[in-house]
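Novice: Sharing entry_34.cif, mmCIF, C-alpha atoms:
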data_my_file
loop_
_atom_site.label_atom_id
_atom_site.label_comp_id
_atom_site.auth_asym_id
_atom_site.auth_seq_id
_atom_site.Cartn_x
_atom_site.Cartn_y
_atom_site.Cartn_z
CA MET M 19 180.55 100.30 125.19
CA GLY M 20 178.53 103.06 126.81
CA ARG M 21 175.21 103.13 128.60
CA LYS M 22 172.09 102.47 126.51
CA TYR M 23 168.42 103.16 127.09
CA LYS M 24 166.62 100.36 128.93
CA VAL M 25 163.64 102.10 130.54
CA ILE M 26 162.14 105.44 129.49
CA SER M 27 159.56 107.19 131.64
CA ALA M 28 157.19 109.02 129.32
CA ASP M 29 155.82 111.22 132.11
CA GLY M 30 157.73 113.27 134.66
CA HIS M 31 157.48 116.90 135.78
CA VAL M 32 159.92 119.73 136.31
CA GLU M 33 158.75 120.86 139.76
CA THR M 34 161.24 123.56 140.66
CA PRO M 35 160.56 126.86 142.42
CA PRO M 36 159.52 129.64 140.02
CA ASP M 37 162.65 131.76 140.52
CA VAL M 38 164.65 129.47 138.22
CA PHE M 39 162.65 130.65 135.22
CA VAL M 40 161.40 134.02 136.49
CA LYS M 41 164.96 135.29 135.99
CA TYR M 42 164.21 135.18 132.24
CA VAL M 43 161.08 137.33 132.55
CA PRO M 44 161.67 140.87 131.17
CA GLU M 45 162.42 143.35 133.95
CA LYS M 46 159.26 145.34 133.26
CA TYR M 47 157.09 142.29 134.07
CA LYS M 48 159.02 140.75 136.97
CA ASP M 49 156.83 142.34 139.63
CA ARG M 50 153.91 140.41 138.10
CA ALA M 51 155.71 137.06 137.97
CA PRO M 52 154.79 134.16 140.26
CA ARG M 53 156.74 133.88 143.48
CA LEU M 54 157.16 131.34 146.22
CA ILE M 55 156.32 132.03 149.86
CA HIS M 56 157.06 129.90 152.91
CA LEU M 57 153.92 129.09 154.87
CA PRO M 58 153.75 129.17 158.70
CA GLU M 59 152.21 125.69 158.80
CA GLY M 60 155.10 124.32 156.70
CA GLY M 61 155.85 123.95 153.03
CA GLU M 62 155.40 126.64 150.41
CA GLY M 63 152.77 128.20 148.22
CA TRP M 64 152.81 129.94 144.86
CA LEU M 65 151.48 133.47 144.56
CA ILE M 66 150.20 134.02 141.03
CA GLU M 67 148.43 137.18 139.93
CA GLY M 68 144.65 136.86 140.13
CA GLN M 69 144.79 133.46 141.85
CA PRO M 70 144.17 132.21 145.37
CA LEU M 71 147.24 130.85 147.12
CA LEU M 72 148.35 127.60 145.46
CA ARG M 73 149.84 125.35 148.13
CA ASN M 74 152.55 122.83 147.35
CA GLY M 75 151.35 119.33 148.14
CA GLN M 76 150.69 116.55 145.66
CA ASN M 77 152.96 118.25 143.12
CA ILE M 78 156.12 117.66 145.17
CA ALA M 79 155.54 114.37 146.96
CA GLY M 80 158.67 112.51 145.88
CA ARG M 81 158.79 109.35 148.01
CA ASP M 82 156.77 110.86 150.88
CA LYS M 83 153.18 110.04 151.73
CA VAL M 84 150.57 112.11 149.91
CA LYS M 85 150.03 115.66 151.15
CA PHE M 86 147.43 118.07 149.88
CA SER M 87 149.37 120.95 151.44
CA GLY M 88 152.64 121.31 153.28
CA GLY M 89 154.72 120.08 150.36
CA THR M 90 158.16 121.58 150.05
CA TYR M 91 160.86 122.07 147.46
CA PHE M 92 163.54 121.99 150.17
CA ASN M 93 165.16 119.57 152.59
CA ALA M 94 165.66 120.57 156.21
CA ASP M 95 169.19 121.79 155.40
CA GLY M 96 167.91 124.03 152.60
CA SER M 97 169.10 121.81 149.75
CA PRO M 98 166.65 120.90 146.95
CA ALA M 99 164.21 118.12 147.78
CA GLU M 100 163.87 115.10 145.52
CA GLY M 101 162.40 116.20 142.21
CA ALA M 102 163.01 119.89 142.88
CA GLY M 103 166.68 120.27 142.10
CA PRO M 104 168.82 121.03 139.06
CA ALA M 105 169.28 118.77 136.06
CA GLU M 106 172.28 116.94 137.50
CA GLN M 107 170.26 115.95 140.56
CA ARG M 108 167.44 114.75 138.32
CA LEU M 109 169.80 112.39 136.47
CA ARG M 110 170.90 110.86 139.77
CA GLU M 111 167.24 110.42 140.72
CA GLN M 112 166.64 108.59 137.45
CA ASP M 113 169.43 106.20 138.37
CA LEU M 114 167.94 105.68 141.84
CA ASP M 115 164.58 104.83 140.29
CA GLY M 116 166.00 102.48 137.65
CA ILE M 117 165.14 104.58 134.60
CA ASP M 118 167.31 106.13 131.89
CA ALA M 119 165.30 109.09 130.59
CA GLU M 120 162.12 111.09 131.19
CA VAL M 121 159.70 113.13 129.13
CA LEU M 122 159.40 116.24 131.29
CA PHE M 123 156.15 118.15 131.54
CA PRO M 124 155.94 121.60 133.13
CA PRO M 125 155.22 122.36 136.81
CA VAL M 126 151.55 121.78 137.52
CA PHE M 127 150.97 125.38 138.66
CA ALA M 128 152.65 126.85 135.56
CA SER M 129 149.71 125.62 133.49
CA ARG M 130 147.45 127.96 135.44
CA PHE M 131 149.09 131.31 134.69
CA LEU M 132 146.42 132.46 132.26
CA GLU M 133 143.65 131.95 134.80
CA GLY M 134 145.02 134.93 136.73
CA ILE M 135 147.36 136.85 134.42
CA LYS M 136 144.92 138.44 131.99
CA ASP M 137 147.43 140.67 130.19
CA PRO M 138 148.51 138.53 127.21
CA ASP M 139 151.95 140.13 126.98
CA VAL M 140 152.70 139.45 130.64
CA TYR M 141 151.34 135.92 130.40
CA ARG M 142 153.36 135.17 127.29
CA SER M 143 156.52 136.47 128.95
CA MET M 144 156.07 133.80 131.65
CA ILE M 145 155.64 131.07 129.05
CA ARG M 146 158.72 132.24 127.15
CA ALA M 147 160.74 132.45 130.37
CA TYR M 148 159.86 128.87 131.31
CA ASN M 149 160.70 127.55 127.85
CA THR M 150 164.01 129.41 127.89
CA PHE M 151 164.93 127.93 131.28
CA LEU M 152 163.91 124.44 130.14
CA ALA M 153 166.01 124.60 126.97
CA HIS M 154 169.10 126.43 128.17
CA ASP M 155 169.46 125.63 131.87
CA TYR M 156 167.87 122.23 132.34
CA CYS M 157 167.54 119.87 129.38
CA SER M 158 170.79 121.04 127.79
CA VAL M 159 172.67 119.09 130.49
CA ALA M 160 171.50 115.80 128.96
CA PRO M 161 168.93 116.31 126.17
CA ASP M 162 168.86 112.58 125.45
CA ARG M 163 167.73 111.85 129.02
CA LEU M 164 165.88 115.05 129.93
CA ILE M 165 163.31 115.26 127.14
CA GLY M 166 161.87 118.72 127.54
CA ASN M 167 158.22 119.39 126.81
CA ALA M 168 157.73 123.13 126.31
CA VAL M 169 154.51 125.13 126.76
CA THR M 170 152.67 127.13 124.11
CA PRO M 171 150.39 130.03 125.06
CA ILE M 172 146.64 129.72 124.76
CA THR M 173 145.87 133.36 123.94
CA ASN M 174 145.42 133.07 120.18
CA ILE M 175 146.66 131.19 117.13
CA ASP M 176 149.34 133.76 116.21
CA HIS M 177 150.93 133.54 119.65
CA ALA M 178 150.79 129.75 119.65
CA VAL M 179 152.50 129.44 116.25
CA GLU M 180 155.13 132.01 117.22
CA GLU M 181 156.03 129.99 120.32
CA LEU M 182 156.30 126.81 118.26
CA GLU M 183 158.98 128.50 116.19
CA PHE M 184 160.86 129.61 119.32
CA VAL M 185 160.67 126.13 120.85
CA ALA M 186 162.04 124.48 117.72
CA GLU M 187 164.88 127.00 117.47
CA ALA M 188 165.71 126.42 121.14
CA GLY M 189 166.11 122.70 120.43
CA LEU M 190 163.25 121.32 122.52
CA PRO M 191 161.50 118.31 120.97
CA SER M 192 157.88 118.68 122.02
CA VAL M 193 155.14 121.00 123.24
CA ALA M 194 152.23 120.93 125.68
CA PHE M 195 149.12 123.11 125.46
CA TYR M 196 145.94 123.33 127.50
CA ASN M 197 143.35 124.72 125.08
CA PHE M 198 143.02 124.40 121.34
CA PRO M 199 145.62 126.57 119.57
CA ASN M 200 142.97 129.17 118.76
CA GLY M 201 142.80 129.92 122.50
CA THR M 202 139.38 128.43 123.23
CA PRO M 203 138.20 125.05 124.58
CA TYR M 204 136.84 124.09 121.15
CA ALA M 205 138.30 123.19 117.77
CA ASP M 206 138.41 125.83 115.05
CA PRO M 207 139.67 125.71 111.44
CA VAL M 208 142.39 128.27 112.27
CA ASP M 209 144.05 125.57 114.41
CA ASP M 210 145.29 124.04 111.15
CA ARG M 211 148.10 126.62 111.12
CA PHE M 212 149.39 125.16 114.40
CA TRP M 213 149.08 121.54 113.31
CA GLU M 214 150.78 122.29 110.01
CA LYS M 215 153.62 124.23 111.66
CA SER M 216 154.24 121.50 114.24
CA LEU M 217 154.65 118.94 111.46
CA GLU M 218 156.85 121.28 109.45
CA LEU M 219 159.15 121.85 112.45
CA GLY M 220 159.13 118.21 113.56
CA LEU M 221 157.79 119.08 117.02
CA LYS M 222 155.95 116.37 118.92
CA LEU M 223 152.54 117.14 120.39
CA ALA M 224 152.37 116.06 124.03
CA PRO M 225 149.57 117.95 125.82
CA HIS M 226 149.53 115.85 129.02
CA PHE M 227 145.95 114.79 129.98
CA GLY M 228 144.31 116.46 127.01
CA PHE M 229 143.36 119.97 125.94
CA GLY M 230 140.27 122.05 125.45
CA ALA M 231 136.95 121.38 127.17
CA GLY M 232 137.22 118.41 129.50
CA GLN M 233 133.69 117.21 128.81
CA ALA M 234 131.04 117.66 126.16
CA PRO M 235 128.73 120.49 127.20
CA LEU M 236 125.11 119.83 127.89
CA GLN M 237 122.97 120.84 124.94
CA SER M 238 121.35 123.55 127.04
CA ALA M 239 124.78 124.93 127.89
CA ALA M 240 126.29 124.66 124.43
CA LYS M 241 124.72 127.81 123.00
CA GLY M 242 127.33 130.46 122.38
CA THR M 243 130.20 127.97 122.29
CA SER M 244 131.90 126.39 119.30
CA ASP M 245 130.93 122.95 120.49
CA SER M 246 130.41 120.34 117.79
CA PRO M 247 127.15 118.42 118.34
CA TRP M 248 128.73 115.52 116.44
CA ALA M 249 131.69 115.44 118.86
CA SER M 250 129.21 115.35 121.75
CA ALA M 251 127.34 112.48 120.13
CA LEU M 252 130.56 110.52 119.63
CA VAL M 253 131.32 110.48 123.36
CA GLN M 254 127.94 109.30 124.63
CA ARG M 255 128.64 106.34 126.98
CA ALA M 256 132.33 106.55 125.93
CA GLY M 257 133.48 108.31 129.10
CA SER M 258 133.79 111.86 130.37
CA HIS M 259 137.44 111.66 131.41
CA SER M 260 140.40 113.17 129.60
CA PRO M 261 141.17 112.89 126.75
CA VAL M 262 137.97 111.34 125.34
CA TYR M 263 136.13 114.52 124.36
CA CYS M 264 139.37 116.07 123.08
CA MET M 265 139.83 113.13 120.68
CA ALA M 266 136.19 113.36 119.61
CA GLN M 267 136.63 117.05 118.79
CA LEU M 268 139.70 116.33 116.68
CA ILE M 269 137.85 113.56 114.83
CA ALA M 270 134.74 115.69 114.32
CA ALA M 271 136.81 118.65 113.12
CA GLY M 272 138.48 116.48 110.47
CA VAL M 273 141.98 117.23 111.79
CA LEU M 274 143.10 113.61 111.52
CA GLU M 275 141.92 113.36 107.91
CA ARG M 276 143.53 116.64 106.82
CA PHE M 277 146.81 115.78 108.57
CA PRO M 278 147.32 112.04 108.18
CA GLU M 279 150.81 112.23 109.74
CA ILE M 280 149.76 114.03 112.92
CA LYS M 281 150.19 112.28 116.28
CA PHE M 282 149.20 113.22 119.82
CA TYR M 283 150.56 111.86 123.10
CA PHE M 284 148.41 112.10 126.23
CA ALA M 285 150.28 111.40 129.45
CA GLU M 286 148.98 110.05 132.74
CA THR M 287 145.67 108.97 131.23
CA ASN M 288 146.15 105.31 132.10
CA ALA M 289 144.62 102.88 129.61
CA SER M 290 142.31 100.31 131.20
CA TRP M 291 139.41 102.51 129.99
CA LEU M 292 140.56 102.40 126.39
CA PRO M 293 138.90 99.22 125.01
CA GLY M 294 135.44 100.29 126.19
CA THR M 295 135.86 103.83 124.87
CA LEU M 296 136.92 102.56 121.44
CA TYR M 297 133.89 100.29 121.27
CA PHE M 298 131.38 102.96 122.31
CA MET M 299 132.76 105.58 119.93
CA ASP M 300 132.43 103.13 117.05
CA ASP M 301 128.93 102.21 118.20
CA ASN M 302 127.95 105.88 118.38
CA TYR M 303 129.28 106.35 114.87
CA GLU M 304 127.05 103.52 113.65
CA LEU M 305 124.05 104.81 115.60
CA PHE M 306 124.27 108.54 114.93
CA GLY M 307 126.40 108.94 111.82
CA ASP M 308 123.47 109.04 109.41
CA TRP M 309 121.71 111.75 111.40
CA PHE M 310 124.82 113.95 111.33
CA LYS M 311 125.55 113.00 107.70
CA VAL M 312 129.03 111.78 108.62
CA LYS M 313 130.91 109.05 106.78
CA TYR M 314 134.55 108.16 107.47
CA GLU M 315 136.96 105.88 105.66
CA ARG M 316 138.24 104.78 109.08
CA LYS M 317 136.06 104.14 112.12
CA PRO M 318 136.70 106.37 115.16
CA SER M 319 138.57 103.54 116.90
CA GLU M 320 140.87 103.18 113.89
CA GLN M 321 141.52 106.92 113.82
CA ILE M 322 142.39 106.85 117.52
CA VAL M 323 144.78 103.93 117.14
CA ASP M 324 146.42 105.65 114.16
CA HIS M 325 146.90 109.05 115.80
CA PHE M 326 146.94 108.87 119.61
CA HIS M 327 149.27 107.54 122.28
CA PHE M 328 148.70 107.21 126.02
CA SER M 329 150.72 106.48 129.15
CA VAL M 330 149.98 104.33 132.17
CA ILE M 331 151.22 105.07 135.68
CA ARG M 332 149.40 103.33 138.53
CA ASP M 333 147.17 101.18 136.35
CA PRO M 334 147.93 97.51 137.03
CA VAL M 335 144.52 96.55 135.61
CA VAL M 336 145.73 97.25 132.07
CA PHE M 337 148.18 94.34 132.31
CA ASP M 338 145.24 91.97 132.84
CA MET M 339 143.77 93.12 129.49
CA VAL M 340 146.64 91.95 127.35
CA ASP M 341 144.57 90.85 124.34
CA ILE M 342 142.45 94.01 123.97
CA ILE M 343 144.95 96.84 124.52
CA PRO M 344 146.64 98.48 121.48
CA TRP M 345 150.14 98.10 122.91
CA ASP M 346 151.82 100.02 120.09
CA ASN M 347 150.07 103.12 121.49
CA ILE M 348 151.00 102.71 125.17
CA MET M 349 153.92 104.16 127.12
CA TRP M 350 154.71 104.10 130.83
CA GLY M 351 155.66 106.86 133.23
CA THR M 352 156.55 107.50 136.86
CA ASP M 353 154.89 110.95 137.14
CA PHE M 354 157.80 111.88 139.43
CA PRO M 355 157.74 113.87 141.68
CA HIS M 356 153.91 113.92 141.83
CA SER M 357 151.95 111.97 144.41
CA VAL M 358 150.55 109.17 142.22
CA GLY M 359 153.95 108.07 140.95
CA SER M 360 156.13 105.07 141.69
CA PHE M 361 159.43 106.74 142.70
CA PRO M 362 161.77 105.34 144.02
CA ASP M 363 160.23 101.89 143.54
CA SER M 364 159.52 101.98 139.83
CA GLN M 365 161.55 98.87 139.17
CA GLU M 366 159.40 96.99 141.67
CA PHE M 367 156.25 98.17 139.83
CA ILE M 368 157.76 97.10 136.51
CA ASP M 369 158.83 93.69 137.78
CA GLU M 370 155.43 92.95 139.30
CA ASN M 371 153.14 94.22 136.56
CA PHE M 372 155.04 93.68 133.33
CA ALA M 373 155.51 90.04 134.33
CA LYS M 374 151.90 89.61 133.19
CA VAL M 375 152.78 90.44 129.57
CA ASP M 376 155.42 89.04 127.26
CA GLU M 377 158.79 90.65 126.65
CA THR M 378 157.72 92.07 123.28
CA ILE M 379 155.00 94.15 124.94
CA SER M 380 157.26 95.18 127.81
CA ARG M 381 159.92 96.41 125.42
CA LYS M 382 157.37 98.39 123.42
CA VAL M 383 155.85 100.12 126.43
CA LEU M 384 159.04 100.78 128.38
CA LEU M 385 161.37 101.57 125.50
CA GLU M 386 160.38 101.35 121.84
CA ASN M 387 157.15 103.35 121.87
CA PRO M 388 158.54 106.44 123.65
CA ALA M 389 161.76 106.23 121.63
CA LYS M 390 159.83 106.14 118.37
CA TYR M 391 157.50 108.97 119.35
CA PHE M 392 160.26 111.30 120.59
CA ASP M 393 162.89 110.28 118.01
CA LEU M 394 165.36 108.75 120.47
CA ASP M 395 168.17 106.58 119.12
CA LEU M 396 168.15 103.27 120.97
CA GLU M 397 171.56 102.36 119.56
CA ALA M 398 173.31 105.50 120.79
CA ASP M 399 175.29 105.80 124.01
CA ILE M 400 173.41 108.07 126.39
CA THR M 401 174.78 110.77 128.67
CA GLU M 402 176.42 109.42 131.80
CA THR M 403 175.22 110.67 135.17
CA PRO M 404 177.55 113.25 136.73
CA ALA M 405 178.97 112.50 140.14
CA ALA M 406 177.36 114.18 143.12
#
Take the structure in the file and give it back as structure tokens.
Specialist:
Amino acid sequence: MGRKYKVISADGHVETPPDVFVKYVPEKYKDRAPRLIHLPEGGEGWLIEGQPLLRNGQNIAGRDKVKFSGGTYFNADGSPAEGAGPAEQRLREQDLDGIDAEVLFPPVFASRFLEGIKDPDVYRSMIRAYNTFLAHDYCSVAPDRLIGNAVTPITNIDHAVEELEFVAEAGLPSVAFYNFPNGTPYADPVDDRFWEKSLELGLKLAPHFGFGAGQAPLQSAAKGTSDSPWASALVQRAGSHSPVYCMAQLIAAGVLERFPEIKFYFAETNASWLPGTLYFMDDNYELFGDWFKVKYERKPSEQIVDHFHFSVIRDPVVFDMVDIIPWDNIMWGTDFPHSVGSFPDSQEFIDENFAKVDETISRKVLLENPAKYFDLDLEADITETPAA
């Protein structure tokens, strides 16, 4: 009998140097691709067109103490540091940390390409190169344990839908995105093409913290945006952290009603804030719904529980809230190799914190919920770790 899933981390990151995916950038754009430089004070930085120097630090902490700069992808002998190596190394690191699989989000700096690379064709070539690397060079080694989360461009709806089709053909199971599919921080009816295509292709939506505007704009600042005043009303007192306003926009835009099967997974959000947010969004609905002429069949809290999932990392408080957390919606992650993670002591975190909840909840959070969301077969034998 082979190895089975026991613990699935629903949040990890592929933090490798950019050259591993830059090789897939078309030759005519390679001189505009990000590159790594070694810094005289130690560690490395990314040079990205139109950006200040982005120093490695919290993104490549591994088991070291937190650094805001001076982080490195390399050991003293030049070999890859923990979390920065090839797929085979990553599988051995899973074993060291007591986990069996990871949902893998992109490098933190890769999400910032568009801030500097204004040419949409050049920008999109970087996105395509990363997705190609992720599918063909990395996750293909063990797709049941390295669950690749691709990136879609945030230039416009046509580009976003086109990349969905590429991702599905490449065999990756899910996608991340940082604005609404229309390319702006606000919901738009054209986004329906993206939601519909993701459901048609069976791709999971896993946009990390959230997407679009991080907070509701002040009324004085909202002119000229596509902000929904109703979405802003929904989040009063409900919190200004990700992904609260994102969920309010999706509710206000009617996305969850038009696409009853759609699901979203937000990683690294933690969840001890969730009971209060659900209450205040329902209360805002009762208070302000008449003014905005809004009437739902399901309260905002019910829509959230039906359509959204979240992951906890360093959030021991949530395990003291056992009776008011929607555990069917919660996953757990290490965030490896980022600085707020639990590597290589994840088992210690699990033993200490999950002891506060019963085995049914533990199994849901550590195993069943991520398996259900990402279509993993808990009865199947999983890929064995290759020898070093």
Novice: Run the PyMOL selection byres ((chain M and resi 284) around 12) mentally over the shown coordinates, then write out the matched residues as a count of residues only, using the chain letters and numbers from the document.
Specialist: 43
Novice: Tell me which residues the PyMOL selection byres ((chain M and resi 371-380) around 7) grabs here, as a JSON list (two decimals) with C-alpha atoms, in the coordinates of the input.
Specialist:
[["chain", "number", "residue", "atom", "x", "y", "z"],
["M", 334, "PRO", "CA", 147.93, 97.51, 137.03],
["M", 337, "PHE", "CA", 148.18, 94.34, 132.31],
["M", 340, "VAL", "CA", 146.64, 91.95, 127.35],
["M", 345, "TRP", "CA", 150.14, 98.10, 122.91],
["M", 367, "PHE", "CA", 156.25, 98.17, 139.83],
["M", 368, "ILE", "CA", 157.76, 97.10, 136.51],
["M", 369, "ASP", "CA", 158.83, 93.69, 137.78],
["M", 370, "GLU", "CA", 155.43, 92.95, 139.30],
["M", 381, "ARG", "CA", 159.92, 96.41, 125.42],
["M", 382, "LYS", "CA", 157.37, 98.39, 123.42],
["M", 383, "VAL", "CA", 155.85, 100.12, 126.43],
["M", 384, "LEU", "CA", 159.04, 100.78, 128.38]]
Novice: So the first atom is atom CA of M:Tyr156 and the second is atom CA of M:Met144; what is the distance between them in Å, to one decimal place?
Specialist: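 Computed distance, atom CA of M:Tyr156 to atom CA of M:Met144, equals 16.5 Å.
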Novice: Residue by residue, what does the PyMOL selection byres ((chain M and resi 279) around 12) grab here? Present the result as an NGL selection string.
Specialist: :M and (213-214 or 216-218 or 220 or 222-223 or 273-278 or 280-282 or 321 or 324-326)
Novice: Given the selection you just returned, output its residues as a file containing C-alpha atoms, formatted as a PDB file, in the frame of the given file.
Specialist:
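Everything below was put into out.pdb:
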ATOM      1  CA  TRP M 213     149.080 121.540 113.310  1.00  0.00           C
ATOM      2  CA  GLU M 214     150.780 122.290 110.010  1.00  0.00           C
ATOM      3  CA  SER M 216     154.240 121.500 114.240  1.00  0.00           C
ATOM      4  CA  LEU M 217     154.650 118.940 111.460  1.00  0.00           C
ATOM      5  CA  GLU M 218     156.850 121.280 109.450  1.00  0.00           C
ATOM      6  CA  GLY M 220     159.130 118.210 113.560  1.00  0.00           C
ATOM      7  CA  LYS M 222     155.950 116.370 118.920  1.00  0.00           C
ATOM      8  CA  LEU M 223     152.540 117.140 120.390  1.00  0.00           C
ATOM      9  CA  VAL M 273     141.980 117.230 111.790  1.00  0.00           C
ATOM     10  CA  LEU M 274     143.100 113.610 111.520  1.00  0.00           C
ATOM     11  CA  GLU M 275     141.920 113.360 107.910  1.00  0.00           C
ATOM     12  CA  ARG M 276     143.530 116.640 106.820  1.00  0.00           C
ATOM     13  CA  PHE M 277     146.810 115.780 108.570  1.00  0.00           C
ATOM     14  CA  PRO M 278     147.320 112.040 108.180  1.00  0.00           C
ATOM     15  CA  ILE M 280     149.760 114.030 112.920  1.00  0.00           C
ATOM     16  CA  LYS M 281     150.190 112.280 116.280  1.00  0.00           C
ATOM     17  CA  PHE M 282     149.200 113.220 119.820  1.00  0.00           C
ATOM     18  CA  GLN M 321     141.520 106.920 113.820  1.00  0.00           C
ATOM     19  CA  ASP M 324     146.420 105.650 114.160  1.00  0.00           C
ATOM     20  CA  HIS M 325     146.900 109.050 115.800  1.00  0.00           C
ATOM     21  CA  PHE M 326     146.940 108.870 119.610  1.00  0.00           C
TER      22      PHE M 326
END
Novice: Could you tell me how far atom CA of M:Leu385 lies from atom CA of M:Ile117, in Å and to one decimal?
Specialist: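 Straight-line distance from atom CA of M:Leu385 to atom CA of M:Ile117 works out to 10.3 Å.
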Novice: Please report the interatomic distance between atom CA of M:Ser87 and atom CA of M:Lys41 in Å with one decimal.
Specialist: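 Between atom CA of M:Ser87 and atom CA of M:Lys41 the gap is 26.2 Å.
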Novice: Using only C-alpha atoms, which residue out of M:Trp291, M:Phe361, M:Tyr91, M:Trp248 lies closest to M:Pro104?
Specialist: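 Looking at the shortest contact to M:Pro104, the residue is M:Tyr91.
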Novice: Which is closer to M:Ile135 than all the others in M:Phe184, M:Tyr204, M:Tyr47, M:Tyr303, using all atoms listed in the file?
Specialist: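 Closest candidate: M:Tyr47.
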Novice: I need the residue nearest M:Lys46 from this list: M:Asp139, M:Asp301, M:Asp95, M:Asp210. Use all atoms listed in the file for the distance.
Specialist: M:Asp139
Novice: Taking N, CA and C atoms as the atom set, what does stretch 23-37 of chain M look like once completed, written as a PDB file, in the frame of the given file?
Specialist:
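Produced file part-v4.pdb, reproduced below:
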ATOM      1  N   TYR M  23     169.755 103.112 126.521  1.00  0.00           N
ATOM      2  CA  TYR M  23     168.420 103.160 127.090  1.00  0.00           C
ATOM      3  C   TYR M  23     167.922 101.758 127.411  1.00  0.00           C
ATOM      4  N   LYS M  24     167.320 101.601 128.578  1.00  0.00           N
ATOM      5  CA  LYS M  24     166.620 100.360 128.930  1.00  0.00           C
ATOM      6  C   LYS M  24     165.175 100.632 129.326  1.00  0.00           C
ATOM      7  N   VAL M  25     164.977 101.711 130.095  1.00  0.00           N
ATOM      8  CA  VAL M  25     163.640 102.100 130.540  1.00  0.00           C
ATOM      9  C   VAL M  25     163.487 103.597 130.365  1.00  0.00           C
ATOM     10  N   ILE M  26     162.426 104.021 129.684  1.00  0.00           N
ATOM     11  CA  ILE M  26     162.140 105.440 129.490  1.00  0.00           C
ATOM     12  C   ILE M  26     160.804 105.754 130.151  1.00  0.00           C
ATOM     13  N   SER M  27     160.807 106.708 131.056  1.00  0.00           N
ATOM     14  CA  SER M  27     159.560 107.190 131.640  1.00  0.00           C
ATOM     15  C   SER M  27     158.998 108.273 130.733  1.00  0.00           C
ATOM     16  N   ALA M  28     157.800 108.070 130.249  1.00  0.00           N
ATOM     17  CA  ALA M  28     157.190 109.020 129.320  1.00  0.00           C
ATOM     18  C   ALA M  28     156.368 110.089 130.043  1.00  0.00           C
ATOM     19  N   ASP M  29     156.524 110.183 131.359  1.00  0.00           N
ATOM     20  CA  ASP M  29     155.820 111.220 132.110  1.00  0.00           C
ATOM     21  C   ASP M  29     156.543 111.535 133.407  1.00  0.00           C
ATOM     22  N   GLY M  30     157.190 112.694 133.438  1.00  0.00           N
ATOM     23  CA  GLY M  30     157.730 113.270 134.660  1.00  0.00           C
ATOM     24  C   GLY M  30     157.450 114.763 134.624  1.00  0.00           C
ATOM     25  N   HIS M  31     157.752 115.463 135.711  1.00  0.00           N
ATOM     26  CA  HIS M  31     157.480 116.900 135.780  1.00  0.00           C
ATOM     27  C   HIS M  31     158.681 117.654 136.331  1.00  0.00           C
ATOM     28  N   VAL M  32     158.906 118.828 135.777  1.00  0.00           N
ATOM     29  CA  VAL M  32     159.920 119.730 136.310  1.00  0.00           C
ATOM     30  C   VAL M  32     159.247 120.559 137.401  1.00  0.00           C
ATOM     31  N   GLU M  33     159.406 120.157 138.648  1.00  0.00           N
ATOM     32  CA  GLU M  33     158.750 120.860 139.760  1.00  0.00           C
ATOM     33  C   GLU M  33     159.775 121.647 140.569  1.00  0.00           C
ATOM     34  N   THR M  34     160.280 122.700 139.967  1.00  0.00           N
ATOM     35  CA  THR M  34     161.240 123.560 140.660  1.00  0.00           C
ATOM     36  C   THR M  34     160.556 124.853 141.090  1.00  0.00           C
ATOM     37  N   PRO M  35     161.116 125.569 142.054  1.00  0.00           N
ATOM     38  CA  PRO M  35     160.560 126.860 142.420  1.00  0.00           C
ATOM     39  C   PRO M  35     160.554 127.810 141.226  1.00  0.00           C
ATOM     40  N   PRO M  36     159.648 128.789 141.201  1.00  0.00           N
ATOM     41  CA  PRO M  36     159.520 129.640 140.020  1.00  0.00           C
ATOM     42  C   PRO M  36     160.719 130.552 139.755  1.00  0.00           C
ATOM     43  N   ASP M  37     161.556 130.809 140.744  1.00  0.00           N
ATOM     44  CA  ASP M  37     162.650 131.760 140.520  1.00  0.00           C
ATOM     45  C   ASP M  37     163.628 131.288 139.459  1.00  0.00           C
TER      46      ASP M  37
END
